[in-house]
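One file, input_20.txt, is given below (compact mmCIF, C-alpha atoms).
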```txt
# COMPACT_ATOMS: atom_id res chain seq x y z
CA MET N 8 -15.22 7.41 -19.24
CA LYS N 9 -13.59 5.70 -16.27
CA LEU N 10 -10.05 4.34 -16.14
CA ALA N 11 -8.13 2.34 -13.54
CA LEU N 12 -4.41 2.99 -13.10
CA LEU N 13 -1.75 0.71 -11.63
CA ILE N 14 0.81 2.93 -9.91
CA GLU N 15 4.26 2.29 -8.44
CA TYR N 16 6.03 4.85 -6.28
CA ASP N 17 9.02 5.33 -4.03
CA GLY N 18 7.48 6.89 -0.92
CA THR N 19 10.74 8.26 0.50
CA LYS N 20 10.02 11.89 -0.35
CA PHE N 21 6.24 11.78 -0.05
CA ALA N 22 3.94 12.64 2.85
CA GLY N 23 1.87 9.65 1.79
CA TRP N 24 -0.64 9.02 -1.00
CA GLN N 25 -3.28 11.54 -0.03
CA THR N 26 -3.00 15.29 -0.61
CA GLN N 27 -2.26 17.01 2.72
CA GLY N 28 -1.83 20.73 2.21
CA ASP N 29 -0.96 21.49 5.84
CA HIS N 30 1.64 18.72 6.17
CA PRO N 31 5.23 20.02 6.61
CA ARG N 32 6.25 17.56 3.89
CA GLY N 33 3.16 18.31 1.86
CA ARG N 34 4.19 16.53 -1.35
CA SER N 35 1.78 13.67 -2.05
CA VAL N 36 1.45 11.02 -4.75
CA GLN N 37 -2.16 12.02 -5.39
CA ALA N 38 -1.21 15.66 -5.97
CA GLU N 39 1.59 14.71 -8.38
CA MET N 40 -0.79 12.47 -10.33
CA GLU N 41 -3.38 15.24 -10.58
CA LYS N 42 -0.70 17.65 -11.80
CA ALA N 43 0.17 15.18 -14.56
CA PHE N 44 -3.45 14.90 -15.69
CA HIS N 45 -3.83 18.68 -15.59
CA GLN N 46 -0.80 19.07 -17.82
CA LEU N 47 -2.26 16.63 -20.36
CA PHE N 48 -5.91 17.71 -20.27
CA GLY N 49 -5.69 21.35 -19.20
CA ARG N 50 -8.23 20.88 -16.43
CA THR N 51 -8.54 19.49 -12.93
CA ILE N 52 -9.15 15.73 -12.86
CA GLN N 53 -9.41 14.09 -9.46
CA VAL N 54 -7.44 10.89 -8.90
CA HIS N 55 -9.15 8.53 -6.44
CA GLY N 56 -6.76 6.13 -4.73
CA ALA N 57 -7.53 2.72 -3.24
CA GLY N 58 -6.44 3.96 0.17
CA ARG N 59 -3.87 5.94 2.07
CA THR N 60 -0.26 5.08 2.63
CA ASP N 61 1.68 6.78 5.42
CA THR N 62 4.62 9.13 4.98
CA GLY N 63 7.59 7.16 3.65
CA VAL N 64 5.66 4.00 2.70
CA HIS N 65 6.20 2.67 -0.83
CA ALA N 66 3.85 1.02 -3.33
CA ARG N 67 4.40 -1.47 -6.12
CA GLY N 68 0.72 -1.88 -6.90
CA MET N 69 -1.40 1.10 -5.78
CA VAL N 70 -4.61 1.34 -7.80
CA ALA N 71 -6.48 4.55 -8.55
CA HIS N 72 -9.32 5.57 -10.84
CA VAL N 73 -10.15 8.69 -12.81
CA GLU N 74 -13.15 9.87 -14.79
CA LEU N 75 -12.06 11.56 -17.99
CA PRO N 76 -13.95 14.52 -19.45
CA GLU N 77 -16.02 14.10 -22.58
CA GLU N 78 -13.68 16.39 -24.49
CA ILE N 79 -10.65 14.14 -24.91
CA PRO N 80 -7.42 15.65 -26.31
CA ALA N 81 -6.93 15.00 -30.01
CA PHE N 82 -3.89 12.75 -29.52
CA LEU N 83 -6.17 10.18 -27.85
CA LEU N 84 -8.82 10.15 -30.53
CA HIS N 85 -8.08 7.00 -32.51
CA ASP N 86 -10.18 3.98 -33.40
CA ASP N 87 -7.93 1.52 -31.57
CA TRP N 88 -8.83 1.89 -27.86
CA GLU N 89 -5.78 -0.06 -26.64
CA PHE N 90 -3.58 2.30 -28.62
CA ASN N 91 -5.29 5.22 -26.92
CA LEU N 92 -4.45 3.80 -23.51
CA SER N 93 -0.85 3.29 -24.57
CA LYS N 94 -0.64 6.92 -25.66
CA LEU N 95 -2.11 8.07 -22.35
CA LEU N 96 0.27 5.84 -20.40
CA PHE N 97 3.21 7.29 -22.33
CA GLY N 98 1.96 10.84 -21.80
CA LEU N 99 1.45 10.47 -18.06
CA ASN N 100 4.81 8.82 -17.50
CA GLY N 101 6.37 11.69 -19.41
CA THR N 102 4.98 14.22 -16.91
CA THR N 103 5.15 12.47 -13.53
CA PRO N 104 8.33 12.78 -11.42
CA LYS N 105 10.89 9.97 -11.40
CA ASP N 106 9.62 8.48 -8.12
CA ILE N 107 6.20 7.71 -9.65
CA VAL N 108 5.55 5.29 -12.51
CA ILE N 109 2.15 4.36 -13.98
CA ARG N 110 2.60 0.68 -14.84
CA ASP N 111 -0.68 0.09 -16.65
CA ILE N 112 -4.06 1.65 -17.47
CA ARG N 113 -7.31 -0.18 -18.11
CA HIS N 114 -10.83 0.83 -19.01
CA VAL N 115 -13.28 -0.09 -16.20
CA ALA N 116 -17.02 -0.21 -15.65
CA GLU N 117 -18.73 2.92 -14.41
CA ASP N 118 -19.55 1.33 -11.04
CA PHE N 119 -15.87 0.68 -10.27
CA HIS N 120 -14.29 2.52 -7.33
CA ALA N 121 -10.61 2.04 -6.53
CA ARG N 122 -11.25 2.00 -2.77
CA HIS N 123 -14.77 0.67 -2.30
CA SER N 124 -14.55 -2.12 -4.90
CA ALA N 125 -11.38 -3.64 -3.43
CA ILE N 126 -11.68 -7.08 -1.81
CA ALA N 127 -8.08 -7.60 -0.62
CA ARG N 128 -4.82 -5.75 -0.10
CA GLU N 129 -1.33 -7.14 0.35
CA TYR N 130 1.70 -5.59 2.05
CA ARG N 131 5.28 -6.71 2.46
CA TYR N 132 7.63 -5.53 5.20
CA THR N 133 11.36 -6.20 4.86
CA ILE N 134 13.99 -6.31 7.61
CA ARG N 135 17.72 -6.84 7.18
CA ARG N 136 20.03 -7.84 10.00
CA GLU N 137 22.85 -5.62 8.83
CA ARG N 138 23.41 -2.08 7.67
CA THR N 139 22.86 -1.42 3.99
CA ALA N 140 23.64 1.61 1.86
CA ILE N 141 21.92 0.71 -1.41
CA ASP N 142 18.67 -0.55 0.14
CA ARG N 143 18.56 1.80 3.14
CA ASN N 144 15.31 3.44 1.97
CA PHE N 145 13.50 0.11 1.52
CA VAL N 146 14.48 -2.11 4.46
CA TRP N 147 14.60 -1.74 8.22
CA ALA N 148 18.20 -2.48 9.24
CA ILE N 149 18.44 -4.22 12.65
CA ARG N 150 21.83 -5.36 13.86
CA HIS N 151 20.61 -7.38 16.86
CA ASP N 152 19.66 -11.05 16.85
CA ILE N 153 16.02 -11.89 16.05
CA ASP N 154 14.23 -15.16 16.75
CA ILE N 155 12.30 -15.59 13.50
CA ALA N 156 10.53 -18.72 14.81
CA LYS N 157 8.82 -16.66 17.54
CA MET N 158 7.84 -14.01 15.00
CA GLU N 159 6.34 -16.70 12.78
CA GLN N 160 4.29 -17.90 15.78
CA CYS N 161 2.84 -14.40 16.07
CA ALA N 162 2.14 -14.15 12.35
CA ALA N 163 0.19 -17.43 12.42
CA MET N 164 -2.11 -15.98 15.10
CA LEU N 165 -3.22 -13.24 12.71
CA ILE N 166 -5.06 -15.52 10.28
CA GLY N 167 -8.82 -15.02 10.48
CA GLU N 168 -10.95 -12.12 11.68
CA HIS N 169 -9.65 -10.01 14.57
CA ASP N 170 -10.11 -6.60 16.15
CA PHE N 171 -6.84 -4.76 15.51
CA THR N 172 -7.48 -1.83 17.85
CA SER N 173 -4.25 -2.63 19.70
CA PHE N 174 -2.31 -2.38 16.43
CA SER N 175 -3.70 0.85 15.01
CA LYS N 176 -3.53 4.60 15.35
CA ARG N 177 -6.43 6.42 16.97
CA THR N 178 -8.54 7.89 14.18
CA ALA N 179 -12.01 9.39 14.47
CA ASP N 180 -13.02 8.45 10.91
CA VAL N 181 -12.74 4.66 11.43
CA LYS N 182 -16.02 2.93 12.30
CA HIS N 183 -14.42 -0.33 13.44
CA PHE N 184 -11.02 -2.05 13.62
CA ARG N 185 -12.00 -5.56 12.50
CA CYS N 186 -10.05 -7.04 9.59
CA ILE N 187 -9.98 -10.49 8.02
CA VAL N 188 -6.40 -11.64 7.44
CA GLU N 189 -6.03 -14.25 4.69
CA ARG N 190 -2.24 -14.66 4.76
CA ALA N 191 0.49 -13.66 7.19
CA HIS N 192 3.90 -15.29 7.20
CA TRP N 193 7.59 -14.50 7.56
CA GLU N 194 10.18 -15.81 5.17
CA SER N 195 13.94 -15.50 5.54
CA TYR N 196 16.82 -15.60 3.09
CA GLY N 197 20.33 -14.89 4.31
CA THR N 198 20.21 -11.88 6.62
CA THR N 199 16.86 -10.67 5.26
CA PHE N 200 13.40 -11.31 6.77
CA ALA N 201 10.13 -10.33 5.10
CA LEU N 202 6.54 -10.39 6.31
CA THR N 203 3.82 -10.81 3.70
CA ILE N 204 0.34 -10.00 4.97
CA ARG N 205 -2.91 -9.97 3.00
CA ALA N 206 -6.32 -8.89 4.34
CA ASN N 207 -9.66 -7.55 3.22
CA ARG N 208 -8.76 -4.19 4.79
CA PHE N 209 -6.11 -2.59 6.98
CA VAL N 210 -6.58 0.06 9.62
CA ARG N 211 -4.14 2.96 9.85
CA GLY N 212 -0.69 2.01 11.10
CA MET N 213 -1.65 -1.67 11.43
CA VAL N 214 1.20 -3.36 9.55
CA ARG N 215 3.91 -1.20 11.10
CA ALA N 216 2.52 -1.80 14.59
CA LEU N 217 2.31 -5.55 13.99
CA VAL N 218 5.88 -5.68 12.70
CA GLY N 219 7.14 -3.58 15.60
CA ALA N 220 5.47 -5.86 18.14
CA MET N 221 6.70 -9.02 16.40
CA VAL N 222 10.26 -7.70 16.40
CA GLN N 223 9.92 -7.08 20.13
CA VAL N 224 8.87 -10.71 20.49
CA GLY N 225 11.79 -11.82 18.32
CA GLN N 226 14.17 -9.88 20.56
CA SER N 227 12.50 -11.15 23.79
CA ALA N 228 11.41 -7.63 24.79
CA ILE N 229 7.85 -8.95 25.09
CA SER N 230 6.58 -12.54 25.11
CA VAL N 231 4.50 -14.39 22.53
CA GLU N 232 1.74 -14.45 25.18
CA GLU N 233 1.85 -10.65 25.52
CA PHE N 234 1.52 -10.31 21.75
CA GLU N 235 -1.45 -12.68 21.84
CA GLY N 236 -3.00 -10.55 24.58
CA LEU N 237 -2.77 -7.43 22.44
CA LEU N 238 -4.48 -9.30 19.60
CA HIS N 239 -7.23 -11.09 21.51
CA SER N 240 -7.97 -8.48 24.20
CA PRO N 241 -7.87 -5.18 22.29
CA GLN N 242 -8.24 -1.99 24.31
CA GLU N 243 -8.11 1.67 23.31
CA LEU N 244 -5.56 2.48 26.02
CA ARG N 245 -3.46 -0.68 25.61
CA ARG N 246 -1.85 -0.49 22.22
CA ALA N 247 1.37 -1.81 20.71
CA LYS N 248 3.97 0.80 21.59
CA TYR N 249 6.80 -0.09 19.20
CA ILE N 250 6.08 1.05 15.63
CA SER N 251 8.42 -0.09 12.86
CA PRO N 252 9.84 2.53 10.44
CA ALA N 253 7.75 3.36 7.39
CA HIS N 254 10.48 2.81 4.80
CA GLY N 255 10.48 -0.99 5.15
CA LEU N 256 6.84 -1.23 4.04
CA VAL N 257 5.57 -1.75 0.48
CA LEU N 258 1.96 -1.96 -0.70
CA GLU N 259 2.36 -4.88 -3.10
CA GLY N 260 -1.09 -4.88 -4.67
CA ILE N 261 -4.86 -4.68 -4.44
CA GLU N 262 -7.34 -7.31 -5.55
CA TYR N 263 -10.75 -6.70 -7.17
CA PRO N 264 -13.64 -8.93 -8.25
CA GLU N 265 -12.96 -10.74 -11.53
CA ARG N 266 -15.71 -8.87 -13.36
CA PHE N 267 -13.62 -5.68 -13.41
CA GLY N 268 -10.85 -7.41 -15.37
CA LEU N 269 -8.03 -5.85 -13.34
CA TRP N 270 -4.67 -7.04 -12.04
CA HIS N 271 -4.12 -9.95 -9.68
CA ILE N 272 -1.64 -9.29 -6.88
CA GLY N 273 0.70 -12.06 -8.04
CA GLU N 274 0.68 -10.59 -11.53
CA ILE N 275 1.54 -7.13 -10.16
CA ILE N 276 4.55 -8.40 -8.19
CA LYS N 277 5.95 -10.22 -11.24
CA LYS N 278 5.51 -7.30 -13.66
```

Could you take the file, read its structure, and then write that structure out as structure tokens?
Amino acid sequence: MKLALLIEYDGTKFAGWQTQGDHPRGRSVQAEMEKAFHQLFGRTIQVHGAGRTDTGVHARGMVAHVELPEEIPAFLLHDDWEFNLSKLLFGLNGTTPKDIVIRDIRHVAEDFHARHSAIAREYRYTIRRERTAIDRNFVWAIRHDIDIAKMEQCAAMLIGEHDFTSFSKRTADVKHFRCIVERAHWESYGTTFALTIRANRFVRGMVRALVGAMVQVGQSAISVEEFEGLLHSPQELRRAKYISPAHGLVLEGIEYPERFGLWHIGEIIKK
């Protein structure tokens, strides 16, 4: 029996999604989720996430899947399947810590995989041009002037397929750095600026490197042409050097083929 879970978390006190036993801040979302399942089922159940998020990055719409054992606890054994899922949702949210919430659970086909079945992912990065106390863990506060028009020029360049080597971390487990960006645009309201970017895949550190470079453009530390050079002439040794802080970044949602009957990104954001 396979289930898909829609998960929201505040990444402030996590070393990312994936379990990392040797990390000095070893607490992970995956490990906390697996603890919750172990408490309910009395056995180890692996939680497979749609991807990694870095230390300090948040998620509104992370998706994961689990395969439940044949021996299901008695409190789930009812004729009404939707009721069963509601009971499981209630049980999990009663055992996870306060910085993790399971927003929904759905039954999925056996060939579903949270990572490999995904067709698009969407992130949002928020910047505020003033200090903030209440939102300090969710926005990057910059007190210097930013030319948002120049940053929007850079965002427009991202649409289409590109090699994002210049905007990624060096990782041995990545076969290639090509991603197809469907949407990338900045919007501003008051003193707040937010980048929404949607692509078929993201390489490690990509959004934070893009934001960091665009802010440099907005502050005239580098030119629009230099940004374009990083994008169109990627080199292993010539990478974007200014990485934005993790806490301004939120994984908004993940899209899957219609046949799986899962959440649309717009639906996730509105929930």

Cut-off 12 Å: closest region 236-262 of chain N/region 55-58 of chain N atom pairs per residue, using all atoms listed in the file, as CSV:
```
residue,atom,partner,partner_atom,distance
N:Leu258,CA,N:Gly58,CA,10.3
N:Gly260,CA,N:Ala57,CA,10.1
N:Ile261,CA,N:Ala57,CA,8.0
N:Glu262,CA,N:Ala57,CA,10.3
```

Since we have the selection now, will you write its residues out, keeping C-alpha atoms, as a PDB file, in the frame of the given file?
```
ATOM      1  CA  LEU N 258       1.960  -1.960  -0.700  1.00  0.00           C
ATOM      2  CA  GLY N 260      -1.090  -4.880  -4.670  1.00  0.00           C
ATOM      3  CA  ILE N 261      -4.860  -4.680  -4.440  1.00  0.00           C
ATOM      4  CA  GLU N 262      -7.340  -7.310  -5.550  1.00  0.00           C
TER       5      GLU N 262
END
```

Check the smallest atom-to-atom distance from each of N:Asp142, N:Glu78, N:Glu117, N:Asp106 to Arg50 (chain N) using all atoms listed in the file, then report the winner.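 Smallest distance to Arg50 (chain N) is found for N:Glu78.
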
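In this comparison, which uses only C-alpha atoms, the residue of N:Lys105, N:Arg205, N:Lys9, N:His254 approaching Pro76 (chain N) most closely is N:Lys9.
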
Set the distance at 7 Å and use all atoms listed in the file: which residues neighbour Thr199 (chain N) once local chain neighbours fewer than 5 positions away are removed? I'd like the list as a ChimeraX atom specification. /N:134-136

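The interatomic distance for the pair CA of Phe48 (chain N) and CA of Arg122 (chain N) works out to 24.1 Å.
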
For Met164 (chain N), which residue among N:Ile112, N:Val181, N:Leu238, N:Ala220 is the nearest when counting only C-alpha atoms?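 Smallest separation from Met164 (chain N) among the options: N:Leu238.
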
Min atom-atom distance to Val115 (chain N) from the set N:Arg266, N:Ser251, N:Val222, N:Gly273, counting all atoms listed in the file, belongs to N:Arg266

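Of the listed residues (N:Gly63, N:Gly197, N:Gly68, N:Gly236), N:Gly63 comes nearest to Arg215 (chain N); the distances count all atoms listed in the file.
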
I'd like to know which of N:Val257, N:Ala156, N:Ala116, N:Ile187 is closest to Met69 (chain N), using only C-alpha atoms. N:Val257

CA of Ala125 (chain N) sits from CA of Tyr263 (chain N) at a separation of 4.9 Å

So that all listed atoms of region 180-188 of chain N fit with 4 Å spare on each side, what axis-aligned box centre and edge lengths in Å, to one decimal, would you give as JSON?
```
{"center_x": -11.2, "center_y": -1.6, "center_z": 10.5, "size_x": 17.6, "size_y": 28.1, "size_z": 14.2}
```

CA of Phe119 (chain N) and CA of Arg190 (chain N) are how many Å apart? 25.4 Å

List every protein, DNA or RNA residue that has an atom no more than 10 Å from (14.9, -8.5, 14.0) in the file's coordinate frame, counting all atoms listed in the file, and report them as a PyMOL selection string. chain N and resi 134-137+147-155+158+198-200+218-219+221-226

Because some atoms of region 165-176 of chain N are absent here, can you restore all heavy atoms and send them as an mmCIF file, in the frame of the given file?
```cif
data_model
loop_
_atom_site.group_PDB
_atom_site.id
_atom_site.type_symbol
_atom_site.label_atom_id
_atom_site.label_comp_id
_atom_site.auth_asym_id
_atom_site.auth_seq_id
_atom_site.Cartn_x
_atom_site.Cartn_y
_atom_site.Cartn_z
ATOM 1 N N LEU N 165 -2.480 -14.313 13.371
ATOM 2 C CA LEU N 165 -3.220 -13.240 12.710
ATOM 3 C C LEU N 165 -4.262 -13.751 11.719
ATOM 4 O O LEU N 165 -5.183 -13.007 11.350
ATOM 5 C CB LEU N 165 -2.251 -12.309 11.972
ATOM 6 C CG LEU N 165 -1.151 -11.660 12.821
ATOM 7 C CD1 LEU N 165 -0.249 -10.819 11.933
ATOM 8 C CD2 LEU N 165 -1.747 -10.816 13.939
ATOM 9 N N ILE N 166 -4.133 -14.986 11.275
ATOM 10 C CA ILE N 166 -5.060 -15.520 10.280
ATOM 11 C C ILE N 166 -6.473 -15.557 10.839
ATOM 12 O O ILE N 166 -6.704 -16.007 11.959
ATOM 13 C CB ILE N 166 -4.637 -16.940 9.835
ATOM 14 C CG1 ILE N 166 -3.181 -16.956 9.359
ATOM 15 C CG2 ILE N 166 -5.569 -17.456 8.742
ATOM 16 C CD1 ILE N 166 -2.895 -16.069 8.187
ATOM 17 N N GLY N 167 -7.420 -15.059 10.042
ATOM 18 C CA GLY N 167 -8.820 -15.020 10.480
ATOM 19 C C GLY N 167 -9.256 -13.589 10.766
ATOM 20 O O GLY N 167 -8.561 -12.626 10.432
ATOM 21 N N GLU N 168 -10.410 -13.452 11.374
ATOM 22 C CA GLU N 168 -10.950 -12.120 11.680
ATOM 23 C C GLU N 168 -10.600 -11.714 13.104
ATOM 24 O O GLU N 168 -10.825 -12.472 14.051
ATOM 25 C CB GLU N 168 -12.479 -12.112 11.497
ATOM 26 C CG GLU N 168 -13.094 -10.738 11.719
ATOM 27 C CD GLU N 168 -14.578 -10.681 11.380
ATOM 28 O OE1 GLU N 168 -15.130 -11.716 10.943
ATOM 29 O OE2 GLU N 168 -15.173 -9.611 11.540
ATOM 30 N N HIS N 169 -10.056 -10.520 13.256
ATOM 31 C CA HIS N 169 -9.650 -10.010 14.570
ATOM 32 C C HIS N 169 -9.953 -8.520 14.654
ATOM 33 O O HIS N 169 -10.053 -7.827 13.641
ATOM 34 C CB HIS N 169 -8.159 -10.228 14.819
ATOM 35 C CG HIS N 169 -7.729 -11.655 14.744
ATOM 36 N ND1 HIS N 169 -7.945 -12.555 15.765
ATOM 37 C CD2 HIS N 169 -7.097 -12.340 13.758
ATOM 38 C CE1 HIS N 169 -7.456 -13.734 15.424
ATOM 39 N NE2 HIS N 169 -6.947 -13.637 14.199
ATOM 40 N N ASP N 170 -10.017 -8.029 15.879
ATOM 41 C CA ASP N 170 -10.110 -6.600 16.150
ATOM 42 C C ASP N 170 -8.676 -6.094 16.358
ATOM 43 O O ASP N 170 -8.003 -6.495 17.305
ATOM 44 C CB ASP N 170 -10.948 -6.367 17.407
ATOM 45 C CG ASP N 170 -11.158 -4.885 17.711
ATOM 46 O OD1 ASP N 170 -10.276 -4.070 17.372
ATOM 47 O OD2 ASP N 170 -12.190 -4.541 18.316
ATOM 48 N N PHE N 171 -8.223 -5.215 15.466
ATOM 49 C CA PHE N 171 -6.840 -4.760 15.510
ATOM 50 C C PHE N 171 -6.693 -3.387 16.178
ATOM 51 O O PHE N 171 -5.757 -2.637 15.862
ATOM 52 C CB PHE N 171 -6.263 -4.724 14.088
ATOM 53 C CG PHE N 171 -5.956 -6.092 13.545
ATOM 54 C CD1 PHE N 171 -6.904 -6.781 12.784
ATOM 55 C CD2 PHE N 171 -4.748 -6.706 13.798
ATOM 56 C CE1 PHE N 171 -6.631 -8.045 12.290
ATOM 57 C CE2 PHE N 171 -4.460 -7.971 13.304
ATOM 58 C CZ PHE N 171 -5.395 -8.643 12.557
ATOM 59 N N THR N 172 -7.573 -3.087 17.117
ATOM 60 C CA THR N 172 -7.480 -1.830 17.850
ATOM 61 C C THR N 172 -6.101 -1.645 18.464
ATOM 62 O O THR N 172 -5.518 -0.553 18.431
ATOM 63 C CB THR N 172 -8.543 -1.772 18.966
ATOM 64 O OG1 THR N 172 -9.844 -1.825 18.378
ATOM 65 C CG2 THR N 172 -8.423 -0.489 19.786
ATOM 66 N N SER N 173 -5.548 -2.716 19.035
ATOM 67 C CA SER N 173 -4.250 -2.630 19.700
ATOM 68 C C SER N 173 -3.101 -2.360 18.722
ATOM 69 O O SER N 173 -2.009 -1.966 19.139
ATOM 70 C CB SER N 173 -3.948 -3.941 20.439
ATOM 71 O OG SER N 173 -4.923 -4.214 21.415
ATOM 72 N N PHE N 174 -3.345 -2.558 17.439
ATOM 73 C CA PHE N 174 -2.310 -2.380 16.430
ATOM 74 C C PHE N 174 -2.710 -1.306 15.426
ATOM 75 O O PHE N 174 -2.556 -1.475 14.218
ATOM 76 C CB PHE N 174 -2.039 -3.705 15.708
ATOM 77 C CG PHE N 174 -1.561 -4.806 16.617
ATOM 78 C CD1 PHE N 174 -2.459 -5.750 17.095
ATOM 79 C CD2 PHE N 174 -0.232 -4.891 17.004
ATOM 80 C CE1 PHE N 174 -2.036 -6.767 17.937
ATOM 81 C CE2 PHE N 174 0.200 -5.900 17.844
ATOM 82 C CZ PHE N 174 -0.702 -6.839 18.317
ATOM 83 N N SER N 175 -3.252 -0.210 15.912
ATOM 84 C CA SER N 175 -3.700 0.850 15.010
ATOM 85 C C SER N 175 -3.485 2.209 15.668
ATOM 86 O O SER N 175 -3.254 2.308 16.874
ATOM 87 C CB SER N 175 -5.190 0.683 14.697
ATOM 88 O OG SER N 175 -5.959 0.880 15.873
ATOM 89 N N LYS N 176 -3.570 3.230 14.850
ATOM 90 C CA LYS N 176 -3.530 4.600 15.350
ATOM 91 C C LYS N 176 -4.953 5.036 15.665
ATOM 92 O O LYS N 176 -5.909 4.614 15.014
ATOM 93 C CB LYS N 176 -2.924 5.532 14.298
ATOM 94 C CG LYS N 176 -1.470 5.247 13.989
ATOM 95 C CD LYS N 176 -0.945 6.225 12.939
ATOM 96 C CE LYS N 176 0.512 5.939 12.610
ATOM 97 N NZ LYS N 176 1.043 6.858 11.575
#
```
